[in-house]
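Source file: start-v4.cif; contents: mmCIF, C-alpha atoms.
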```
data_input
loop_
_atom_site.label_atom_id
_atom_site.label_comp_id
_atom_site.auth_asym_id
_atom_site.auth_seq_id
_atom_site.Cartn_x
_atom_site.Cartn_y
_atom_site.Cartn_z
CA MET A 1 0.00 0.00 0.00
CA THR A 2 1.43 3.34 -1.01
CA ASP A 3 -1.15 5.60 0.61
CA ARG A 4 -0.44 4.51 4.15
CA THR A 5 0.90 6.97 6.67
CA TYR A 6 3.46 5.23 8.86
CA MET A 7 4.28 6.35 12.37
CA ARG A 8 6.79 5.16 14.93
CA VAL A 9 5.80 4.97 18.60
CA ARG A 10 8.40 6.83 20.60
CA HIS A 11 10.75 4.53 22.51
CA ASP A 12 10.54 6.51 25.74
CA MET A 13 10.38 4.83 29.16
CA PRO A 14 9.36 7.60 31.56
CA PRO A 15 8.26 7.08 35.14
CA GLY A 16 4.68 8.03 35.98
CA HIS A 17 1.33 7.39 34.33
CA VAL A 18 1.46 6.94 30.57
CA ARG A 19 -1.08 5.36 28.27
CA THR A 20 1.27 3.84 25.69
CA PRO A 21 1.99 0.12 26.14
CA ALA A 22 5.67 -0.70 26.41
CA TYR A 23 5.46 -3.57 23.93
CA LEU A 24 4.61 -1.09 21.16
CA ARG A 25 7.28 1.50 21.94
CA GLY A 26 9.75 1.78 19.09
CA LYS A 27 7.38 -0.10 16.73
CA ILE A 28 6.11 1.22 13.39
CA GLY A 29 2.49 1.01 12.34
CA TRP A 30 0.20 2.79 9.90
CA VAL A 31 -2.68 5.13 10.65
CA GLU A 32 -5.97 3.25 10.46
CA ARG A 33 -7.95 6.34 11.52
CA THR A 34 -7.69 9.45 13.62
CA LEU A 35 -9.91 9.82 16.69
CA GLY A 36 -10.51 12.60 19.13
CA PRO A 37 -9.25 15.05 20.05
CA PHE A 38 -9.33 13.80 23.64
CA PRO A 39 -7.76 15.37 26.74
CA ASN A 40 -4.29 14.01 27.48
CA PRO A 41 -4.78 11.28 30.13
CA GLU A 42 -1.19 11.73 31.29
CA GLN A 43 -2.19 15.18 32.57
CA LEU A 44 -5.63 14.16 33.81
CA ALA A 45 -3.98 11.49 35.98
CA TYR A 46 -2.29 14.27 37.98
CA ARG A 47 -5.33 16.56 38.23
CA GLN A 48 -4.08 18.81 35.44
CA ALA A 49 -6.30 20.09 32.64
CA GLY A 50 -5.80 17.67 29.79
CA GLN A 51 -4.53 19.20 26.57
CA PRO A 52 -6.76 18.06 23.67
CA LEU A 53 -4.77 15.69 21.48
CA PRO A 54 -5.57 13.55 18.45
CA LEU A 55 -5.77 9.87 19.27
CA MET A 56 -4.36 7.80 16.43
CA ARG A 57 -5.54 4.26 15.81
CA LEU A 58 -2.44 2.55 14.46
CA ARG A 59 -2.29 -0.89 12.88
CA PHE A 60 0.82 -3.00 13.40
CA THR A 61 1.74 -6.35 11.92
CA MET A 62 2.52 -9.13 14.38
CA ALA A 63 5.86 -9.43 12.60
CA GLU A 64 6.63 -5.81 13.52
CA VAL A 65 5.56 -6.23 17.13
CA TRP A 66 6.90 -9.68 17.97
CA GLY A 67 9.51 -10.33 15.31
CA ASP A 68 10.38 -14.00 14.84
CA ALA A 69 8.15 -14.92 17.80
CA ALA A 70 4.99 -13.99 15.86
CA ASP A 71 2.78 -17.03 15.21
CA ILE A 72 1.08 -15.46 12.18
CA PRO A 73 3.33 -12.58 11.03
CA GLN A 74 0.76 -11.02 8.67
CA ASP A 75 -1.92 -10.75 11.35
CA THR A 76 -2.40 -7.24 12.70
CA ILE A 77 -3.19 -5.55 15.99
CA ASP A 78 -4.75 -2.10 16.38
CA ALA A 79 -3.79 0.22 19.19
CA GLU A 80 -4.92 3.77 19.94
CA ILE A 81 -1.95 5.99 20.75
CA TYR A 82 -1.99 9.69 21.65
CA SER A 83 -0.29 11.81 19.02
CA HIS A 84 2.49 13.14 21.25
CA TRP A 85 3.89 9.59 21.40
CA LEU A 86 4.20 9.35 17.60
CA GLU A 87 6.72 10.48 15.03
CA PRO A 88 6.72 10.07 11.22
CA ALA A 89 8.41 6.94 9.96
CA ASP A 90 9.09 4.97 6.80
CA ALA A 91 7.37 1.66 6.23
CA PRO A 92 9.12 -1.18 8.05
CA HIS A 93 10.76 -3.83 5.89
CA ALA A 94 8.50 -6.71 4.93
CA PRO A 95 9.04 -9.78 7.11
CA MET B 1 9.07 -10.56 36.47
CA THR B 2 12.32 -9.26 35.07
CA ASP B 3 14.37 -6.64 36.84
CA MET B 4 13.39 -4.16 34.11
CA GLN B 5 9.78 -4.09 35.20
CA ASN B 6 9.96 -2.10 38.37
CA THR B 7 12.65 0.44 37.65
CA GLN B 8 12.16 4.14 37.02
CA THR B 9 13.65 3.95 33.56
CA GLY B 10 12.36 0.68 32.09
CA ARG B 11 8.96 -0.84 31.57
CA ARG B 12 6.84 -0.39 34.66
CA TRP B 13 5.50 -3.38 36.60
CA HIS B 14 1.86 -2.95 35.59
CA ASP B 15 2.62 -2.71 31.87
CA MET B 16 2.11 -6.43 31.26
CA GLY B 17 1.18 -6.55 27.57
CA GLY B 18 3.08 -9.36 25.90
CA ASP B 19 3.95 -11.22 29.09
CA ALA B 20 2.85 -14.81 29.51
CA ALA B 21 -0.63 -14.57 31.03
CA GLY B 22 -1.21 -18.12 32.26
CA PRO B 23 -4.71 -19.55 32.50
CA VAL B 24 -7.57 -17.05 32.39
CA PRO B 25 -10.20 -17.58 35.10
CA THR B 26 -13.66 -17.54 33.52
CA GLN B 27 -15.76 -18.18 36.62
CA GLN B 28 -17.99 -15.32 37.74
CA HIS B 29 -18.06 -14.42 41.41
CA ASP B 30 -20.41 -12.43 43.58
CA PHE B 31 -19.41 -9.04 44.89
CA SER B 32 -20.04 -8.15 48.52
CA LEU B 33 -21.94 -5.02 49.50
CA TRP B 34 -18.81 -3.04 50.38
CA GLU B 35 -17.29 -3.83 47.00
CA LYS B 36 -20.39 -2.52 45.23
CA ARG B 37 -20.18 0.61 47.37
CA VAL B 38 -16.57 1.16 46.36
CA ASP B 39 -17.58 0.91 42.72
CA ALA B 40 -20.43 3.37 43.31
CA LEU B 41 -18.13 5.75 45.19
CA MET B 42 -15.76 5.84 42.23
CA ILE B 43 -18.64 6.71 39.88
CA ILE B 44 -20.00 9.41 42.22
CA ALA B 45 -16.57 10.97 42.78
CA SER B 46 -15.94 11.02 39.04
CA ALA B 47 -19.39 12.49 38.29
CA HIS B 48 -18.71 15.27 40.80
CA GLY B 49 -15.44 16.09 39.04
CA HIS B 50 -13.17 15.19 41.94
CA PHE B 51 -10.96 12.97 39.81
CA THR B 52 -11.09 10.74 36.76
CA VAL B 53 -10.31 7.13 35.95
CA ASP B 54 -6.87 8.39 34.93
CA GLY B 55 -6.16 9.39 38.53
CA LEU B 56 -7.55 6.06 39.74
CA ARG B 57 -5.15 4.19 37.46
CA ARG B 58 -2.19 6.41 38.34
CA VAL B 59 -2.46 5.60 42.04
CA LEU B 60 -3.09 1.89 41.40
CA GLU B 61 0.10 1.79 39.35
CA ASP B 62 2.08 3.71 41.96
CA MET B 63 0.94 1.27 44.66
CA GLY B 64 3.30 -1.23 43.09
CA PRO B 65 3.39 -4.97 42.47
CA ASP B 66 3.24 -5.93 46.16
CA ALA B 67 -0.22 -4.37 46.50
CA PHE B 68 -1.27 -6.15 43.32
CA GLU B 69 -0.33 -9.48 44.88
CA THR B 70 -1.59 -8.94 48.43
CA MET B 71 -4.75 -6.81 48.06
CA THR B 72 -8.01 -7.69 46.35
CA TYR B 73 -9.32 -5.72 43.40
CA TYR B 74 -11.65 -3.46 45.39
CA GLU B 75 -9.22 -3.12 48.28
CA ARG B 76 -6.85 -1.55 45.77
CA TRP B 77 -9.68 0.57 44.37
CA ILE B 78 -10.70 2.05 47.72
CA ALA B 79 -7.07 2.83 48.52
CA SER B 80 -6.79 4.69 45.22
CA VAL B 81 -10.18 6.41 45.54
CA ASN B 82 -9.19 7.57 49.02
CA GLN B 83 -5.83 8.90 47.82
CA ASN B 84 -7.50 10.79 44.98
CA LEU B 85 -10.22 12.26 47.22
CA ILE B 86 -7.59 13.54 49.65
CA GLU B 87 -5.63 15.04 46.77
CA ALA B 88 -8.84 16.66 45.53
CA GLY B 89 -9.41 18.24 48.93
CA VAL B 90 -12.75 16.49 49.56
CA TYR B 91 -11.60 15.64 53.09
CA THR B 92 -8.39 15.66 55.07
CA THR B 93 -6.50 12.68 56.47
CA SER B 94 -7.42 13.97 59.92
CA GLU B 95 -11.14 13.95 59.10
CA LEU B 96 -10.78 10.47 57.63
CA ALA B 97 -8.97 9.22 60.72
CA GLN B 98 -11.62 10.54 63.10
CA ARG B 99 -14.42 9.09 60.98
CA MET B 100 -12.71 5.67 60.82
CA THR B 101 -12.32 5.66 64.60
CA ALA B 102 -15.98 6.56 65.05
CA VAL B 103 -17.13 3.84 62.65
CA ALA B 104 -14.87 1.25 64.27
CA ALA B 105 -16.42 2.11 67.65
CA ARG B 106 -19.78 0.86 66.39
CA GLY B 107 -18.41 -2.69 66.55
CA ALA B 108 -17.17 -5.40 64.25
CA THR B 109 -20.63 -6.40 63.02
CA TYR B 110 -21.58 -2.96 61.76
CA GLY B 111 -23.17 -3.44 58.36
CA GLU B 112 -24.82 -6.73 59.25
CA ALA B 113 -26.93 -5.23 62.03
CA ALA B 114 -30.40 -4.15 60.94
CA SER B 115 -30.29 -0.89 62.87
CA ASP B 116 -28.85 0.57 66.00
#
```
What would you get if you wrote out this structure as structure tokens?
Amino acid sequence: MTDRTYMRVRHDMPPGHVRTPAYLRGKIGWVERTLGPFPNPEQLAYRQAGQPLPLMRLRFTMAEVWGDAADIPQDTIDAEIYSHWLEPADAPHAP
Amino acid sequence: MTDMQNTQTGRRWHDMGGDAAGPVPTQQHDFSLWEKRVDALMIIASAHGHFTVDGLRRVLEDMGPDAFETMTYYERWIASVNQNLIEAGVYTTSELAQRMTAVAARGATYGEAASD
């Protein structure tokens, strides 16, 4: 697919409340759809006003997420990630 | 658990996605009255704008893996609800302490008794 927009989940490991699962950090997926904006839960968790942010539904291949451990590499998983955790990326290499 | 899971720089202990899960219990169980009240208290506190589910989760995570192993689900919830209500200024620890002492003075069977 040439019309896909690929994004990489930032590989940050901060302390405190974040809403981005560690197993997806550093992984590249494509935008399935854009949701929101929703208030940033990482601010709401500390009683701060949540900055409205787009919530991106990304689609990852199992090959991208689990590498050689993937049972069915072409299967996909969707995850909704707040936009401040994402940066533009090139498509990952085919498995 | 690996030693990466409870450090300040690696994956945090509660972030379990991808770990081996073991068998999944499918049996339903009844909730006791106090557990239903904890659930209701969370909904009321959220509806009144005192805190959100994000704050509930934040405190549950900060309670650490020991609490996860030694406390039941709603025991952890009431600890987190309490922490958030104090942070929100709904009551003080002193007010809580005095109320707990007063309730305890009613006796161990309070809740089962029809009226007093």
Legend entry - Reference answer for the PyMOL selection byres ((chain B) within 12 of (chain A)), as number ranges by chain: B: 4-19, 46, 49-64, 80, 83-85, 87-89
Inset, instruction - Just give me the gap between CA of Ala79 in chain A and CA of Asp3 in chain A in Å, one decimal is fine. - result: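 So the two atoms, CA of Ala79 in chain A and CA of Asp3 in chain A, lie 19.5 Å apart.
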Inset, instruction - For the structure shown, which residues end up in the PyMOL selection byres ((chain A and resi 74-76) around 9)? Put them as number ranges by chain, please? - result: A: 59-63, 70-73, 77-78, 95
Legend entry - Counting all atoms listed in the file, the residue of B:Ala104, B:Ala67, B:Met42, B:Ala97 that sits nearest Val81 in chain B: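 Checking each candidate against Val81 in chain B, we get B:Met42 as the closest.
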Legend entry - Between CA of Ala69 in chain A and CA of Val24 in chain B, distance in Å (one decimal):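 Answer for the CA of Ala69 in chain A to CA of Val24 in chain B separation: 21.6 Å.
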Taking the structure in the block just given, could you write chain B with C-alpha atoms, as a PDB file, in the first residue's frame?
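Final file, result_1.pdb:
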```
ATOM      1  CA  MET B   1       9.074 -10.555  36.465  1.00  0.00           C
ATOM      2  CA  THR B   2      12.316  -9.261  35.072  1.00  0.00           C
ATOM      3  CA  ASP B   3      14.365  -6.638  36.836  1.00  0.00           C
ATOM      4  CA  MET B   4      13.388  -4.160  34.111  1.00  0.00           C
ATOM      5  CA  GLN B   5       9.779  -4.093  35.201  1.00  0.00           C
ATOM      6  CA  ASN B   6       9.960  -2.097  38.374  1.00  0.00           C
ATOM      7  CA  THR B   7      12.652   0.438  37.653  1.00  0.00           C
ATOM      8  CA  GLN B   8      12.163   4.136  37.023  1.00  0.00           C
ATOM      9  CA  THR B   9      13.652   3.949  33.559  1.00  0.00           C
ATOM     10  CA  GLY B  10      12.357   0.682  32.094  1.00  0.00           C
ATOM     11  CA  ARG B  11       8.960  -0.838  31.567  1.00  0.00           C
ATOM     12  CA  ARG B  12       6.838  -0.391  34.658  1.00  0.00           C
ATOM     13  CA  TRP B  13       5.504  -3.382  36.596  1.00  0.00           C
ATOM     14  CA  HIS B  14       1.861  -2.952  35.592  1.00  0.00           C
ATOM     15  CA  ASP B  15       2.619  -2.707  31.868  1.00  0.00           C
ATOM     16  CA  MET B  16       2.111  -6.434  31.260  1.00  0.00           C
ATOM     17  CA  GLY B  17       1.178  -6.547  27.573  1.00  0.00           C
ATOM     18  CA  GLY B  18       3.083  -9.355  25.900  1.00  0.00           C
ATOM     19  CA  ASP B  19       3.947 -11.222  29.088  1.00  0.00           C
ATOM     20  CA  ALA B  20       2.854 -14.814  29.514  1.00  0.00           C
ATOM     21  CA  ALA B  21      -0.630 -14.572  31.032  1.00  0.00           C
ATOM     22  CA  GLY B  22      -1.212 -18.117  32.257  1.00  0.00           C
ATOM     23  CA  PRO B  23      -4.708 -19.552  32.497  1.00  0.00           C
ATOM     24  CA  VAL B  24      -7.567 -17.047  32.388  1.00  0.00           C
ATOM     25  CA  PRO B  25     -10.203 -17.576  35.104  1.00  0.00           C
ATOM     26  CA  THR B  26     -13.658 -17.539  33.517  1.00  0.00           C
ATOM     27  CA  GLN B  27     -15.761 -18.178  36.616  1.00  0.00           C
ATOM     28  CA  GLN B  28     -17.988 -15.318  37.742  1.00  0.00           C
ATOM     29  CA  HIS B  29     -18.064 -14.419  41.405  1.00  0.00           C
ATOM     30  CA  ASP B  30     -20.413 -12.429  43.582  1.00  0.00           C
ATOM     31  CA  PHE B  31     -19.414  -9.041  44.895  1.00  0.00           C
ATOM     32  CA  SER B  32     -20.039  -8.150  48.515  1.00  0.00           C
ATOM     33  CA  LEU B  33     -21.936  -5.021  49.504  1.00  0.00           C
ATOM     34  CA  TRP B  34     -18.809  -3.040  50.383  1.00  0.00           C
ATOM     35  CA  GLU B  35     -17.290  -3.828  46.997  1.00  0.00           C
ATOM     36  CA  LYS B  36     -20.385  -2.516  45.226  1.00  0.00           C
ATOM     37  CA  ARG B  37     -20.179   0.614  47.371  1.00  0.00           C
ATOM     38  CA  VAL B  38     -16.568   1.161  46.361  1.00  0.00           C
ATOM     39  CA  ASP B  39     -17.585   0.914  42.725  1.00  0.00           C
ATOM     40  CA  ALA B  40     -20.432   3.375  43.313  1.00  0.00           C
ATOM     41  CA  LEU B  41     -18.134   5.752  45.190  1.00  0.00           C
ATOM     42  CA  MET B  42     -15.762   5.844  42.229  1.00  0.00           C
ATOM     43  CA  ILE B  43     -18.637   6.712  39.878  1.00  0.00           C
ATOM     44  CA  ILE B  44     -19.998   9.408  42.218  1.00  0.00           C
ATOM     45  CA  ALA B  45     -16.573  10.974  42.777  1.00  0.00           C
ATOM     46  CA  SER B  46     -15.944  11.017  39.036  1.00  0.00           C
ATOM     47  CA  ALA B  47     -19.390  12.486  38.292  1.00  0.00           C
ATOM     48  CA  HIS B  48     -18.710  15.269  40.797  1.00  0.00           C
ATOM     49  CA  GLY B  49     -15.445  16.089  39.044  1.00  0.00           C
ATOM     50  CA  HIS B  50     -13.170  15.194  41.944  1.00  0.00           C
ATOM     51  CA  PHE B  51     -10.957  12.966  39.807  1.00  0.00           C
ATOM     52  CA  THR B  52     -11.093  10.740  36.756  1.00  0.00           C
ATOM     53  CA  VAL B  53     -10.314   7.132  35.946  1.00  0.00           C
ATOM     54  CA  ASP B  54      -6.872   8.394  34.928  1.00  0.00           C
ATOM     55  CA  GLY B  55      -6.161   9.390  38.529  1.00  0.00           C
ATOM     56  CA  LEU B  56      -7.549   6.058  39.741  1.00  0.00           C
ATOM     57  CA  ARG B  57      -5.154   4.194  37.465  1.00  0.00           C
ATOM     58  CA  ARG B  58      -2.194   6.409  38.340  1.00  0.00           C
ATOM     59  CA  VAL B  59      -2.461   5.602  42.042  1.00  0.00           C
ATOM     60  CA  LEU B  60      -3.093   1.893  41.401  1.00  0.00           C
ATOM     61  CA  GLU B  61       0.099   1.791  39.349  1.00  0.00           C
ATOM     62  CA  ASP B  62       2.084   3.711  41.957  1.00  0.00           C
ATOM     63  CA  MET B  63       0.936   1.273  44.662  1.00  0.00           C
ATOM     64  CA  GLY B  64       3.295  -1.229  43.090  1.00  0.00           C
ATOM     65  CA  PRO B  65       3.386  -4.974  42.472  1.00  0.00           C
ATOM     66  CA  ASP B  66       3.239  -5.931  46.158  1.00  0.00           C
ATOM     67  CA  ALA B  67      -0.217  -4.369  46.499  1.00  0.00           C
ATOM     68  CA  PHE B  68      -1.275  -6.147  43.322  1.00  0.00           C
ATOM     69  CA  GLU B  69      -0.328  -9.479  44.884  1.00  0.00           C
ATOM     70  CA  THR B  70      -1.587  -8.937  48.430  1.00  0.00           C
ATOM     71  CA  MET B  71      -4.747  -6.814  48.064  1.00  0.00           C
ATOM     72  CA  THR B  72      -8.012  -7.692  46.350  1.00  0.00           C
ATOM     73  CA  TYR B  73      -9.321  -5.718  43.397  1.00  0.00           C
ATOM     74  CA  TYR B  74     -11.655  -3.461  45.392  1.00  0.00           C
ATOM     75  CA  GLU B  75      -9.218  -3.122  48.281  1.00  0.00           C
ATOM     76  CA  ARG B  76      -6.848  -1.547  45.772  1.00  0.00           C
ATOM     77  CA  TRP B  77      -9.680   0.571  44.370  1.00  0.00           C
ATOM     78  CA  ILE B  78     -10.703   2.046  47.724  1.00  0.00           C
ATOM     79  CA  ALA B  79      -7.069   2.826  48.517  1.00  0.00           C
ATOM     80  CA  SER B  80      -6.789   4.688  45.216  1.00  0.00           C
ATOM     81  CA  VAL B  81     -10.182   6.408  45.541  1.00  0.00           C
ATOM     82  CA  ASN B  82      -9.189   7.565  49.023  1.00  0.00           C
ATOM     83  CA  GLN B  83      -5.829   8.896  47.821  1.00  0.00           C
ATOM     84  CA  ASN B  84      -7.495  10.791  44.982  1.00  0.00           C
ATOM     85  CA  LEU B  85     -10.218  12.257  47.223  1.00  0.00           C
ATOM     86  CA  ILE B  86      -7.595  13.541  49.651  1.00  0.00           C
ATOM     87  CA  GLU B  87      -5.626  15.037  46.770  1.00  0.00           C
ATOM     88  CA  ALA B  88      -8.841  16.662  45.531  1.00  0.00           C
ATOM     89  CA  GLY B  89      -9.408  18.241  48.933  1.00  0.00           C
ATOM     90  CA  VAL B  90     -12.745  16.491  49.562  1.00  0.00           C
ATOM     91  CA  TYR B  91     -11.600  15.637  53.090  1.00  0.00           C
ATOM     92  CA  THR B  92      -8.391  15.661  55.065  1.00  0.00           C
ATOM     93  CA  THR B  93      -6.500  12.683  56.466  1.00  0.00           C
ATOM     94  CA  SER B  94      -7.420  13.967  59.917  1.00  0.00           C
ATOM     95  CA  GLU B  95     -11.140  13.950  59.096  1.00  0.00           C
ATOM     96  CA  LEU B  96     -10.779  10.470  57.633  1.00  0.00           C
ATOM     97  CA  ALA B  97      -8.965   9.222  60.721  1.00  0.00           C
ATOM     98  CA  GLN B  98     -11.620  10.539  63.099  1.00  0.00           C
ATOM     99  CA  ARG B  99     -14.422   9.086  60.984  1.00  0.00           C
ATOM    100  CA  MET B 100     -12.708   5.674  60.820  1.00  0.00           C
ATOM    101  CA  THR B 101     -12.320   5.657  64.604  1.00  0.00           C
ATOM    102  CA  ALA B 102     -15.982   6.561  65.055  1.00  0.00           C
ATOM    103  CA  VAL B 103     -17.127   3.836  62.648  1.00  0.00           C
ATOM    104  CA  ALA B 104     -14.872   1.251  64.271  1.00  0.00           C
ATOM    105  CA  ALA B 105     -16.423   2.106  67.648  1.00  0.00           C
ATOM    106  CA  ARG B 106     -19.781   0.856  66.385  1.00  0.00           C
ATOM    107  CA  GLY B 107     -18.405  -2.687  66.555  1.00  0.00           C
ATOM    108  CA  ALA B 108     -17.173  -5.395  64.247  1.00  0.00           C
ATOM    109  CA  THR B 109     -20.632  -6.402  63.024  1.00  0.00           C
ATOM    110  CA  TYR B 110     -21.575  -2.963  61.758  1.00  0.00           C
ATOM    111  CA  GLY B 111     -23.165  -3.438  58.357  1.00  0.00           C
ATOM    112  CA  GLU B 112     -24.823  -6.734  59.250  1.00  0.00           C
ATOM    113  CA  ALA B 113     -26.926  -5.233  62.031  1.00  0.00           C
ATOM    114  CA  ALA B 114     -30.400  -4.146  60.941  1.00  0.00           C
ATOM    115  CA  SER B 115     -30.294  -0.892  62.872  1.00  0.00           C
ATOM    116  CA  ASP B 116     -28.849   0.567  66.001  1.00  0.00           C
TER     117      ASP B 116
END
```
